[in-house]
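Colleague: Below is the file data28.cif, with mmCIF, N, CA and C atoms.
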data_final
#
loop_
_atom_site.label_atom_id
_atom_site.label_comp_id
_atom_site.auth_asym_id
_atom_site.auth_seq_id
_atom_site.Cartn_x
_atom_site.Cartn_y
_atom_site.Cartn_z
N MET N 1 15.39 -23.79 -17.71
CA MET N 1 14.45 -22.71 -17.44
C MET N 1 13.94 -22.79 -16.01
N MET N 2 13.50 -23.98 -15.57
CA MET N 2 12.98 -24.15 -14.22
C MET N 2 14.07 -23.88 -13.18
N ALA N 3 15.30 -24.29 -13.48
CA ALA N 3 16.40 -24.04 -12.55
C ALA N 3 16.63 -22.54 -12.39
N GLY N 4 16.51 -21.79 -13.48
CA GLY N 4 16.66 -20.34 -13.43
C GLY N 4 15.59 -19.69 -12.58
N ILE N 5 14.36 -20.17 -12.69
CA ILE N 5 13.25 -19.64 -11.89
C ILE N 5 13.49 -19.96 -10.42
N ALA N 6 13.90 -21.18 -10.14
CA ALA N 6 14.16 -21.58 -8.75
C ALA N 6 15.28 -20.74 -8.16
N LEU N 7 16.34 -20.50 -8.94
CA LEU N 7 17.44 -19.68 -8.47
C LEU N 7 16.98 -18.25 -8.21
N SER N 8 16.15 -17.72 -9.09
CA SER N 8 15.62 -16.38 -8.92
C SER N 8 14.78 -16.28 -7.65
N ILE N 9 13.95 -17.27 -7.40
CA ILE N 9 13.12 -17.28 -6.20
C ILE N 9 14.01 -17.38 -4.96
N ALA N 10 15.01 -18.24 -4.99
CA ALA N 10 15.91 -18.40 -3.86
C ALA N 10 16.69 -17.12 -3.61
N THR N 11 17.14 -16.46 -4.66
CA THR N 11 17.88 -15.21 -4.53
C THR N 11 17.00 -14.14 -3.90
N HIS N 12 15.75 -14.03 -4.40
CA HIS N 12 14.81 -13.04 -3.85
C HIS N 12 14.56 -13.33 -2.37
N ALA N 13 14.35 -14.59 -2.01
CA ALA N 13 14.10 -14.96 -0.61
C ALA N 13 15.31 -14.59 0.25
N ALA N 14 16.51 -14.84 -0.25
CA ALA N 14 17.72 -14.51 0.50
C ALA N 14 17.86 -13.00 0.67
N GLU N 15 17.56 -12.23 -0.38
CA GLU N 15 17.62 -10.77 -0.30
C GLU N 15 16.60 -10.25 0.72
N GLU N 16 15.38 -10.80 0.68
CA GLU N 16 14.34 -10.37 1.63
C GLU N 16 14.75 -10.73 3.04
N SER N 17 15.30 -11.90 3.24
CA SER N 17 15.74 -12.32 4.56
C SER N 17 16.85 -11.40 5.06
N ALA N 18 17.78 -11.05 4.21
CA ALA N 18 18.87 -10.14 4.60
C ALA N 18 18.32 -8.76 4.94
N ALA N 19 17.31 -8.30 4.20
CA ALA N 19 16.73 -6.99 4.46
C ALA N 19 16.06 -6.94 5.82
N TYR N 20 15.57 -8.09 6.28
CA TYR N 20 14.88 -8.13 7.56
C TYR N 20 15.73 -8.76 8.67
N ALA N 21 17.03 -8.82 8.47
CA ALA N 21 17.92 -9.40 9.47
C ALA N 21 18.03 -8.47 10.67
N VAL N 22 18.33 -9.05 11.80
CA VAL N 22 18.52 -8.28 13.03
C VAL N 22 20.00 -7.89 13.12
N ARG N 23 20.25 -6.63 13.43
CA ARG N 23 21.63 -6.14 13.56
C ARG N 23 22.07 -6.27 15.01
N LYS N 24 23.35 -6.39 15.20
CA LYS N 24 23.92 -6.51 16.54
C LYS N 24 24.25 -5.14 17.14
N GLU N 25 24.56 -4.16 16.27
CA GLU N 25 24.91 -2.83 16.77
C GLU N 25 24.39 -1.77 15.82
N LEU N 26 24.38 -0.54 16.30
CA LEU N 26 23.87 0.56 15.49
C LEU N 26 24.83 0.91 14.36
N PRO N 27 24.29 1.27 13.20
CA PRO N 27 25.15 1.79 12.14
C PRO N 27 25.77 3.11 12.58
N PRO N 28 26.90 3.49 12.02
CA PRO N 28 27.54 4.75 12.43
C PRO N 28 26.71 5.97 12.03
N VAL N 29 26.94 7.04 12.75
CA VAL N 29 26.28 8.32 12.48
C VAL N 29 26.83 8.88 11.17
N SER N 30 25.94 9.42 10.35
CA SER N 30 26.36 10.06 9.10
C SER N 30 27.21 11.29 9.42
N THR N 31 28.12 11.59 8.53
CA THR N 31 28.97 12.77 8.70
C THR N 31 28.35 14.02 8.06
N LYS N 32 27.18 13.86 7.45
CA LYS N 32 26.51 14.99 6.81
C LYS N 32 26.15 16.04 7.85
N LYS N 33 26.41 17.29 7.52
CA LYS N 33 26.11 18.41 8.42
C LYS N 33 24.81 19.09 7.99
N GLY N 34 24.16 19.74 8.93
CA GLY N 34 22.94 20.50 8.63
C GLY N 34 21.75 19.64 8.26
N VAL N 35 21.63 18.47 8.85
CA VAL N 35 20.53 17.55 8.54
C VAL N 35 19.24 18.11 9.13
N THR N 36 18.18 18.17 8.31
CA THR N 36 16.88 18.64 8.79
C THR N 36 15.81 17.60 8.51
N PHE N 37 14.73 17.69 9.27
CA PHE N 37 13.63 16.75 9.09
C PHE N 37 13.05 16.87 7.69
N ASP N 38 12.65 18.09 7.31
CA ASP N 38 11.96 18.27 6.02
C ASP N 38 12.81 17.87 4.82
N LYS N 39 14.07 18.23 4.85
CA LYS N 39 14.94 17.98 3.70
C LYS N 39 15.46 16.54 3.65
N ASP N 40 15.82 15.98 4.78
CA ASP N 40 16.54 14.71 4.80
C ASP N 40 15.77 13.52 5.37
N ILE N 41 15.03 13.74 6.44
CA ILE N 41 14.43 12.63 7.17
C ILE N 41 13.02 12.30 6.68
N LYS N 42 12.22 13.29 6.43
CA LYS N 42 10.85 13.05 5.98
C LYS N 42 10.80 12.16 4.74
N PRO N 43 11.66 12.38 3.73
CA PRO N 43 11.62 11.49 2.55
C PRO N 43 11.91 10.02 2.91
N LEU N 44 12.79 9.78 3.87
CA LEU N 44 13.07 8.41 4.30
C LEU N 44 11.84 7.79 4.96
N PHE N 45 11.21 8.57 5.85
CA PHE N 45 10.03 8.07 6.55
C PHE N 45 8.87 7.87 5.57
N GLU N 46 8.74 8.76 4.58
CA GLU N 46 7.67 8.60 3.59
C GLU N 46 7.82 7.28 2.84
N ALA N 47 9.03 6.90 2.53
CA ALA N 47 9.27 5.68 1.76
C ALA N 47 9.08 4.41 2.58
N SER N 48 9.35 4.46 3.89
CA SER N 48 9.35 3.23 4.67
C SER N 48 8.40 3.19 5.86
N CYS N 49 7.90 4.32 6.31
CA CYS N 49 7.21 4.33 7.61
C CYS N 49 5.76 4.83 7.58
N LEU N 50 5.41 5.68 6.63
CA LEU N 50 4.13 6.37 6.72
C LEU N 50 2.92 5.51 6.42
N LYS N 51 3.12 4.33 5.86
CA LYS N 51 1.97 3.44 5.65
C LYS N 51 1.34 3.10 7.00
N CYS N 52 2.16 2.96 8.02
CA CYS N 52 1.67 2.62 9.37
C CYS N 52 1.73 3.77 10.36
N HIS N 53 2.55 4.80 10.07
CA HIS N 53 2.73 5.90 11.02
C HIS N 53 2.57 7.25 10.33
N GLY N 54 1.52 7.35 9.50
CA GLY N 54 1.27 8.57 8.75
C GLY N 54 0.05 9.31 9.24
N PRO N 55 -0.40 10.28 8.45
CA PRO N 55 -1.52 11.11 8.88
C PRO N 55 -2.86 10.35 8.99
N GLU N 56 -3.09 9.37 8.13
CA GLU N 56 -4.36 8.64 8.16
C GLU N 56 -4.35 7.53 9.20
N LYS N 57 -3.21 6.94 9.42
CA LYS N 57 -3.08 5.79 10.32
C LYS N 57 -1.79 5.97 11.11
N ALA N 58 -1.90 5.88 12.42
CA ALA N 58 -0.70 6.06 13.25
C ALA N 58 -0.69 4.99 14.33
N LYS N 59 -0.12 3.84 13.98
CA LYS N 59 -0.02 2.76 14.97
C LYS N 59 0.71 3.26 16.20
N GLY N 60 0.19 2.88 17.36
CA GLY N 60 0.81 3.29 18.61
C GLY N 60 0.76 4.79 18.82
N ASP N 61 -0.09 5.49 18.05
CA ASP N 61 -0.22 6.95 18.09
C ASP N 61 1.12 7.63 17.79
N LEU N 62 1.92 7.00 16.92
CA LEU N 62 3.20 7.57 16.51
C LEU N 62 3.06 8.11 15.09
N HIS N 63 3.17 9.43 14.98
CA HIS N 63 3.08 10.11 13.68
C HIS N 63 4.48 10.48 13.21
N LEU N 64 4.91 9.87 12.09
CA LEU N 64 6.24 10.15 11.56
C LEU N 64 6.18 11.05 10.33
N ASP N 65 5.02 11.64 10.08
CA ASP N 65 4.86 12.50 8.92
C ASP N 65 5.26 13.94 9.19
N THR N 66 5.41 14.31 10.46
CA THR N 66 5.86 15.66 10.81
C THR N 66 6.94 15.58 11.88
N ARG N 67 7.77 16.59 11.92
CA ARG N 67 8.81 16.66 12.94
C ARG N 67 8.17 16.68 14.33
N GLU N 68 7.10 17.46 14.46
CA GLU N 68 6.41 17.56 15.74
C GLU N 68 5.88 16.20 16.19
N GLY N 69 5.33 15.43 15.24
CA GLY N 69 4.82 14.10 15.57
C GLY N 69 5.92 13.17 16.05
N VAL N 70 7.07 13.24 15.38
CA VAL N 70 8.20 12.39 15.78
C VAL N 70 8.65 12.78 17.19
N LEU N 71 8.77 14.08 17.43
CA LEU N 71 9.26 14.53 18.74
C LEU N 71 8.24 14.28 19.85
N LYS N 72 6.95 14.29 19.51
CA LYS N 72 5.91 13.99 20.50
C LYS N 72 6.03 12.55 20.97
N GLY N 73 6.33 11.65 20.04
CA GLY N 73 6.49 10.25 20.39
C GLY N 73 5.22 9.45 20.23
N SER N 74 5.18 8.32 20.92
CA SER N 74 4.06 7.39 20.78
C SER N 74 3.28 7.32 22.08
N GLU N 75 2.30 6.43 22.09
CA GLU N 75 1.52 6.23 23.31
C GLU N 75 2.39 5.69 24.45
N GLU N 76 3.56 5.18 24.11
CA GLU N 76 4.47 4.66 25.12
C GLU N 76 5.51 5.68 25.57
N GLY N 77 5.50 6.87 24.95
CA GLY N 77 6.43 7.92 25.35
C GLY N 77 7.29 8.40 24.21
N PRO N 78 8.29 9.22 24.53
CA PRO N 78 9.18 9.77 23.50
C PRO N 78 9.94 8.68 22.77
N VAL N 79 10.20 8.91 21.49
CA VAL N 79 10.99 7.97 20.69
C VAL N 79 12.34 8.58 20.29
N VAL N 80 12.50 9.88 20.55
CA VAL N 80 13.74 10.59 20.21
C VAL N 80 14.28 11.24 21.47
N LYS N 81 15.57 11.04 21.71
CA LYS N 81 16.29 11.78 22.76
C LYS N 81 17.19 12.75 22.00
N GLU N 82 16.72 14.00 21.90
CA GLU N 82 17.48 15.00 21.13
C GLU N 82 18.93 15.05 21.59
N GLY N 83 19.84 14.96 20.62
CA GLY N 83 21.27 14.97 20.90
C GLY N 83 21.85 13.62 21.28
N ASP N 84 21.00 12.58 21.34
CA ASP N 84 21.47 11.27 21.80
C ASP N 84 20.82 10.15 20.97
N SER N 85 21.26 10.01 19.74
CA SER N 85 20.65 9.02 18.85
C SER N 85 20.85 7.59 19.34
N ALA N 86 21.96 7.31 19.97
CA ALA N 86 22.25 5.94 20.40
C ALA N 86 21.26 5.45 21.44
N ASN N 87 20.61 6.37 22.14
CA ASN N 87 19.63 5.99 23.15
C ASN N 87 18.21 6.39 22.76
N SER N 88 17.98 6.62 21.48
CA SER N 88 16.65 6.96 20.98
C SER N 88 15.94 5.70 20.53
N VAL N 89 14.73 5.52 21.01
CA VAL N 89 13.93 4.33 20.70
C VAL N 89 13.77 4.16 19.19
N ILE N 90 13.52 5.26 18.48
CA ILE N 90 13.27 5.16 17.04
C ILE N 90 14.50 4.63 16.31
N VAL N 91 15.69 5.02 16.75
CA VAL N 91 16.92 4.56 16.09
C VAL N 91 17.09 3.05 16.29
N LYS N 92 16.86 2.59 17.50
CA LYS N 92 16.98 1.15 17.76
C LYS N 92 15.95 0.37 16.94
N ALA N 93 14.76 0.95 16.75
CA ALA N 93 13.72 0.28 15.96
C ALA N 93 14.10 0.22 14.48
N ILE N 94 14.50 1.36 13.90
CA ILE N 94 14.82 1.37 12.47
C ILE N 94 16.15 0.70 12.17
N ALA N 95 17.03 0.61 13.18
CA ALA N 95 18.30 -0.09 12.99
C ALA N 95 18.11 -1.59 13.14
N ARG N 96 16.93 -2.00 13.62
CA ARG N 96 16.55 -3.41 13.69
C ARG N 96 17.44 -4.17 14.67
N ILE N 97 17.62 -3.59 15.86
CA ILE N 97 18.45 -4.18 16.90
C ILE N 97 17.72 -5.31 17.61
N ASN N 98 16.44 -5.12 17.89
CA ASN N 98 15.64 -6.10 18.63
C ASN N 98 14.56 -6.66 17.71
N PRO N 99 14.50 -7.97 17.52
CA PRO N 99 13.50 -8.53 16.60
C PRO N 99 12.06 -8.24 17.01
N LYS N 100 11.83 -7.94 18.29
CA LYS N 100 10.46 -7.67 18.75
C LYS N 100 10.02 -6.24 18.48
N THR N 101 10.98 -5.33 18.30
CA THR N 101 10.63 -3.92 18.09
C THR N 101 11.11 -3.36 16.77
N MET N 102 11.70 -4.21 15.91
CA MET N 102 12.28 -3.69 14.67
C MET N 102 11.20 -3.16 13.72
N MET N 103 11.56 -2.07 13.04
CA MET N 103 10.65 -1.42 12.11
C MET N 103 11.33 -1.22 10.77
N PRO N 104 10.61 -1.41 9.68
CA PRO N 104 9.30 -2.04 9.66
C PRO N 104 9.42 -3.51 10.06
N PRO N 105 8.33 -4.05 10.60
CA PRO N 105 8.39 -5.47 10.98
C PRO N 105 8.48 -6.35 9.75
N PRO N 106 9.02 -7.54 9.91
CA PRO N 106 9.09 -8.44 8.76
C PRO N 106 7.69 -8.85 8.33
N PRO N 107 7.51 -9.18 7.05
CA PRO N 107 6.20 -9.63 6.60
C PRO N 107 5.85 -10.95 7.28
N PRO N 108 4.56 -11.20 7.51
CA PRO N 108 4.18 -12.47 8.14
C PRO N 108 4.61 -13.64 7.27
N ARG N 109 5.03 -14.72 7.91
CA ARG N 109 5.49 -15.89 7.17
C ARG N 109 4.32 -16.73 6.67
N LYS N 110 3.30 -16.87 7.47
CA LYS N 110 2.15 -17.68 7.08
C LYS N 110 0.89 -16.87 7.27
N PRO N 111 -0.10 -17.07 6.39
CA PRO N 111 -1.37 -16.38 6.62
C PRO N 111 -2.04 -16.93 7.87
N ARG N 112 -2.75 -16.06 8.56
CA ARG N 112 -3.47 -16.52 9.74
C ARG N 112 -4.59 -17.47 9.32
N PRO N 113 -5.04 -18.33 10.21
CA PRO N 113 -6.10 -19.29 9.86
C PRO N 113 -7.33 -18.58 9.32
N GLY N 114 -7.89 -19.13 8.25
CA GLY N 114 -9.08 -18.55 7.64
C GLY N 114 -8.79 -17.41 6.69
N ALA N 115 -7.54 -17.11 6.44
CA ALA N 115 -7.19 -15.97 5.59
C ALA N 115 -6.69 -16.41 4.22
N GLU N 116 -7.02 -17.63 3.82
CA GLU N 116 -6.53 -18.13 2.53
C GLU N 116 -6.98 -17.26 1.36
N ALA N 117 -8.26 -16.84 1.38
CA ALA N 117 -8.77 -16.01 0.28
C ALA N 117 -8.05 -14.67 0.24
N GLU N 118 -7.82 -14.10 1.41
CA GLU N 118 -7.11 -12.82 1.48
C GLU N 118 -5.67 -12.98 1.01
N ALA N 119 -5.04 -14.11 1.36
CA ALA N 119 -3.66 -14.35 0.96
C ALA N 119 -3.53 -14.54 -0.54
N ALA N 120 -4.59 -15.00 -1.19
CA ALA N 120 -4.55 -15.23 -2.62
C ALA N 120 -4.59 -13.92 -3.40
N LYS N 121 -5.08 -12.84 -2.79
CA LYS N 121 -5.13 -11.54 -3.45
C LYS N 121 -3.72 -10.98 -3.54
N PRO N 122 -3.44 -10.24 -4.61
CA PRO N 122 -2.12 -9.60 -4.69
C PRO N 122 -1.96 -8.62 -3.52
N GLN N 123 -0.83 -8.71 -2.84
CA GLN N 123 -0.56 -7.86 -1.69
C GLN N 123 0.47 -6.80 -2.07
N PRO N 124 0.33 -5.59 -1.51
CA PRO N 124 1.36 -4.59 -1.79
C PRO N 124 2.68 -5.03 -1.17
N ALA N 125 3.74 -4.60 -1.78
CA ALA N 125 5.07 -4.94 -1.25
C ALA N 125 5.24 -4.34 0.14
N PRO N 126 5.84 -5.08 1.05
CA PRO N 126 6.06 -4.51 2.38
C PRO N 126 7.08 -3.38 2.29
N PRO N 127 7.02 -2.43 3.22
CA PRO N 127 8.02 -1.35 3.18
C PRO N 127 9.41 -1.91 3.40
N LYS N 128 10.37 -1.30 2.75
CA LYS N 128 11.75 -1.75 2.88
C LYS N 128 12.38 -1.13 4.12
N PRO N 129 13.16 -1.93 4.85
CA PRO N 129 13.89 -1.36 5.99
C PRO N 129 14.87 -0.30 5.51
N LEU N 130 15.17 0.64 6.39
CA LEU N 130 16.15 1.66 6.06
C LEU N 130 17.54 1.02 5.98
N THR N 131 18.35 1.54 5.10
CA THR N 131 19.72 1.07 4.96
C THR N 131 20.57 1.60 6.11
N ASP N 132 21.77 1.07 6.27
CA ASP N 132 22.68 1.58 7.30
C ASP N 132 22.95 3.07 7.11
N GLU N 133 23.11 3.49 5.86
CA GLU N 133 23.37 4.91 5.58
C GLU N 133 22.17 5.77 5.98
N GLU N 134 20.95 5.28 5.72
CA GLU N 134 19.75 6.04 6.09
C GLU N 134 19.58 6.11 7.60
N VAL N 135 19.85 5.01 8.30
CA VAL N 135 19.80 5.02 9.77
C VAL N 135 20.85 5.99 10.29
N GLY N 136 22.02 6.00 9.68
CA GLY N 136 23.07 6.94 10.07
C GLY N 136 22.64 8.38 9.89
N LEU N 137 21.86 8.66 8.85
CA LEU N 137 21.35 10.01 8.61
C LEU N 137 20.33 10.39 9.70
N VAL N 138 19.45 9.46 10.07
CA VAL N 138 18.50 9.72 11.16
C VAL N 138 19.29 9.98 12.45
N ARG N 139 20.33 9.21 12.68
CA ARG N 139 21.18 9.42 13.86
C ARG N 139 21.80 10.81 13.84
N ALA N 140 22.30 11.24 12.67
CA ALA N 140 22.90 12.58 12.57
C ALA N 140 21.86 13.65 12.86
N TRP N 141 20.64 13.47 12.33
CA TRP N 141 19.56 14.44 12.58
C TRP N 141 19.31 14.58 14.08
N ILE N 142 19.19 13.47 14.76
CA ILE N 142 18.92 13.49 16.20
C ILE N 142 20.11 14.10 16.96
N ASP N 143 21.32 13.66 16.62
CA ASP N 143 22.52 14.17 17.31
C ASP N 143 22.74 15.67 17.07
N GLN N 144 22.26 16.17 15.93
CA GLN N 144 22.40 17.59 15.61
C GLN N 144 21.24 18.43 16.15
N GLY N 145 20.40 17.82 16.98
CA GLY N 145 19.34 18.59 17.63
C GLY N 145 17.95 18.37 17.07
N ALA N 146 17.77 17.43 16.14
CA ALA N 146 16.45 17.10 15.57
C ALA N 146 15.72 18.32 15.04
N LYS N 147 16.39 19.10 14.21
CA LYS N 147 15.81 20.32 13.63
C LYS N 147 14.96 20.01 12.41
#
Go through the file and emit its structure as structure tokens.
Modeller:
Amino acid sequence: MMAGIALSIATHAAEESAAYAVRKELPPVSTKKGVTFDKDIKPLFEASCLKCHGPEKAKGDLHLDTREGVLKGSEEGPVVKEGDSANSVIVKAIARINPKTMMPPPPPRKPRPGAEAEAAKPQPAPPKPLTDEEVGLVRAWIDQGAK
């Protein structure tokens, strides 16, 4: 029984580690035609991004809840280069190319000092990174003009 629990914990840790792995290159662009923000992209962002980049809270002043917000970009500038997904900041972030800018960021490994009581409380699950197929869909949206 204990071996089964240990294996389950190890499997979960390996799956979480794989989900937060850094990629070496961008996933391919989806072949889907007619990709739109409202129909295709917003549901992806709602599932993985809006906790930190939504209407109530927008880290870095980046709003991913509307097409206009995405195209406006963040306090650091545009995150989308319409027609050029390979050079769009948001694609590199969601594709997890750079460990310093990957989104969503990996969960913290250790609680900060003095946060033991907070760490003992049940925490919501961290948002899941987008899959290669989902990143490819965002790439298709951008390459098709970010409509």
Colleague: Between atom CA of N:Arg96 and atom CA of N:Gly136, what is the distance, to one decimal in Å?
Modeller: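 So the answer is 12.8 Å.
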Colleague: As a check of understanding, name the residues that the PyMOL selection byres ((chain N and resi 37) around 7) selects in the supplied structure, as JSON, numbers by chain.
Modeller: {"N": [35, 36, 38, 39, 40, 41, 42, 43, 67, 141, 146, 147]}
Colleague: With the file shown as input, list the residues that the PyMOL selection byres (((chain N and resi 134 and name CA) around 12) and name CA) selects, as a PyMOL selection string.
Modeller: chain N and resi 26-32+35+40-45+47-48+91+94-95+128-133+135-141
Colleague: Place a sphere of radius 6 Å on (21.8, 12.4, 19.3) in the file coordinates and name every protein, DNA or RNA residue with an atom inside or on its surface, counting only C-alpha atoms; give the answer as a ChimeraX atom specification.
Modeller: /N:82-85,142-143
Colleague: Check the DSSP output for the backbone and give back, as a PyMOL selection string, the residues of stretch 78-109 of chain N in alpha helix (DSSP H).
Modeller: chain N and resi 89-94
Colleague: Of the residues N:Gly60, N:Glu46, N:Pro107, N:Lys100, which is the one nearest to N:Gly73, using only N, CA and C atoms?
Modeller: N:Gly60
Colleague: Grab the atom CA of N:Lys24 to atom CA of N:Gly54 distance for me, in Å with one decimal place.
Modeller: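 So the answer is 28.3 Å.
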Colleague: Using only C-alpha atoms, which protein or nucleic acid residues come within 12 Å of N:Glu76? Drop anything in the same chain fewer than 5 positions from it, and give the result as a PDB file with N, CA and C atoms, in the coordinates of the input.
Modeller:
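Result written to selection_21.pdb:
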ATOM      1  N   LYS N  59      -0.120   3.840  13.980  1.00  0.00           N
ATOM      2  CA  LYS N  59      -0.020   2.760  14.970  1.00  0.00           C
ATOM      3  C   LYS N  59       0.710   3.260  16.200  1.00  0.00           C
ATOM      4  N   GLY N  60       0.190   2.880  17.360  1.00  0.00           N
ATOM      5  CA  GLY N  60       0.810   3.290  18.610  1.00  0.00           C
ATOM      6  C   GLY N  60       0.760   4.790  18.820  1.00  0.00           C
ATOM      7  N   ASP N  61      -0.090   5.490  18.050  1.00  0.00           N
ATOM      8  CA  ASP N  61      -0.220   6.950  18.090  1.00  0.00           C
ATOM      9  C   ASP N  61       1.120   7.630  17.790  1.00  0.00           C
ATOM     10  N   LEU N  62       1.920   7.000  16.920  1.00  0.00           N
ATOM     11  CA  LEU N  62       3.200   7.570  16.510  1.00  0.00           C
ATOM     12  C   LEU N  62       3.060   8.110  15.090  1.00  0.00           C
ATOM     13  N   VAL N  89      14.730   5.520  21.010  1.00  0.00           N
ATOM     14  CA  VAL N  89      13.930   4.330  20.700  1.00  0.00           C
ATOM     15  C   VAL N  89      13.770   4.160  19.190  1.00  0.00           C
ATOM     16  N   ILE N  90      13.520   5.260  18.480  1.00  0.00           N
ATOM     17  CA  ILE N  90      13.270   5.160  17.040  1.00  0.00           C
ATOM     18  C   ILE N  90      14.500   4.630  16.310  1.00  0.00           C
TER      19      ILE N  90
END
Colleague: Can you tell me how far atom CA of N:Glu68 sits from atom CA of N:Thr101, in Å to one decimal?
Modeller: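 The value is 22.0 Å.
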Colleague: Around stretch 119-138 of chain N, with edges along x, y and z and 5 Å added on all six sides, what centre and edge lengths do you get, in Å to one decimal, as lines of an AutoDock Vina configuration file?
Modeller:
center_x = 9.1
center_y = -2.4
center_z = 3.9
size_x = 38.5
size_y = 35.6
size_z = 27.1
Colleague: Compare N:Gly34, N:Ala86, N:His63, N:Cys49 by their minimum atom-to-atom distance to N:Pro104, counting all atoms listed in the file, and give me the closest one.
Modeller: N:Cys49
Colleague: Tell me which of N:Asn98, N:Pro55, N:Asp65, N:Lys81 sits closest to N:Gly145, counting only C-alpha atoms.
Modeller: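 Selected residue with least distance to N:Gly145: N:Lys81.
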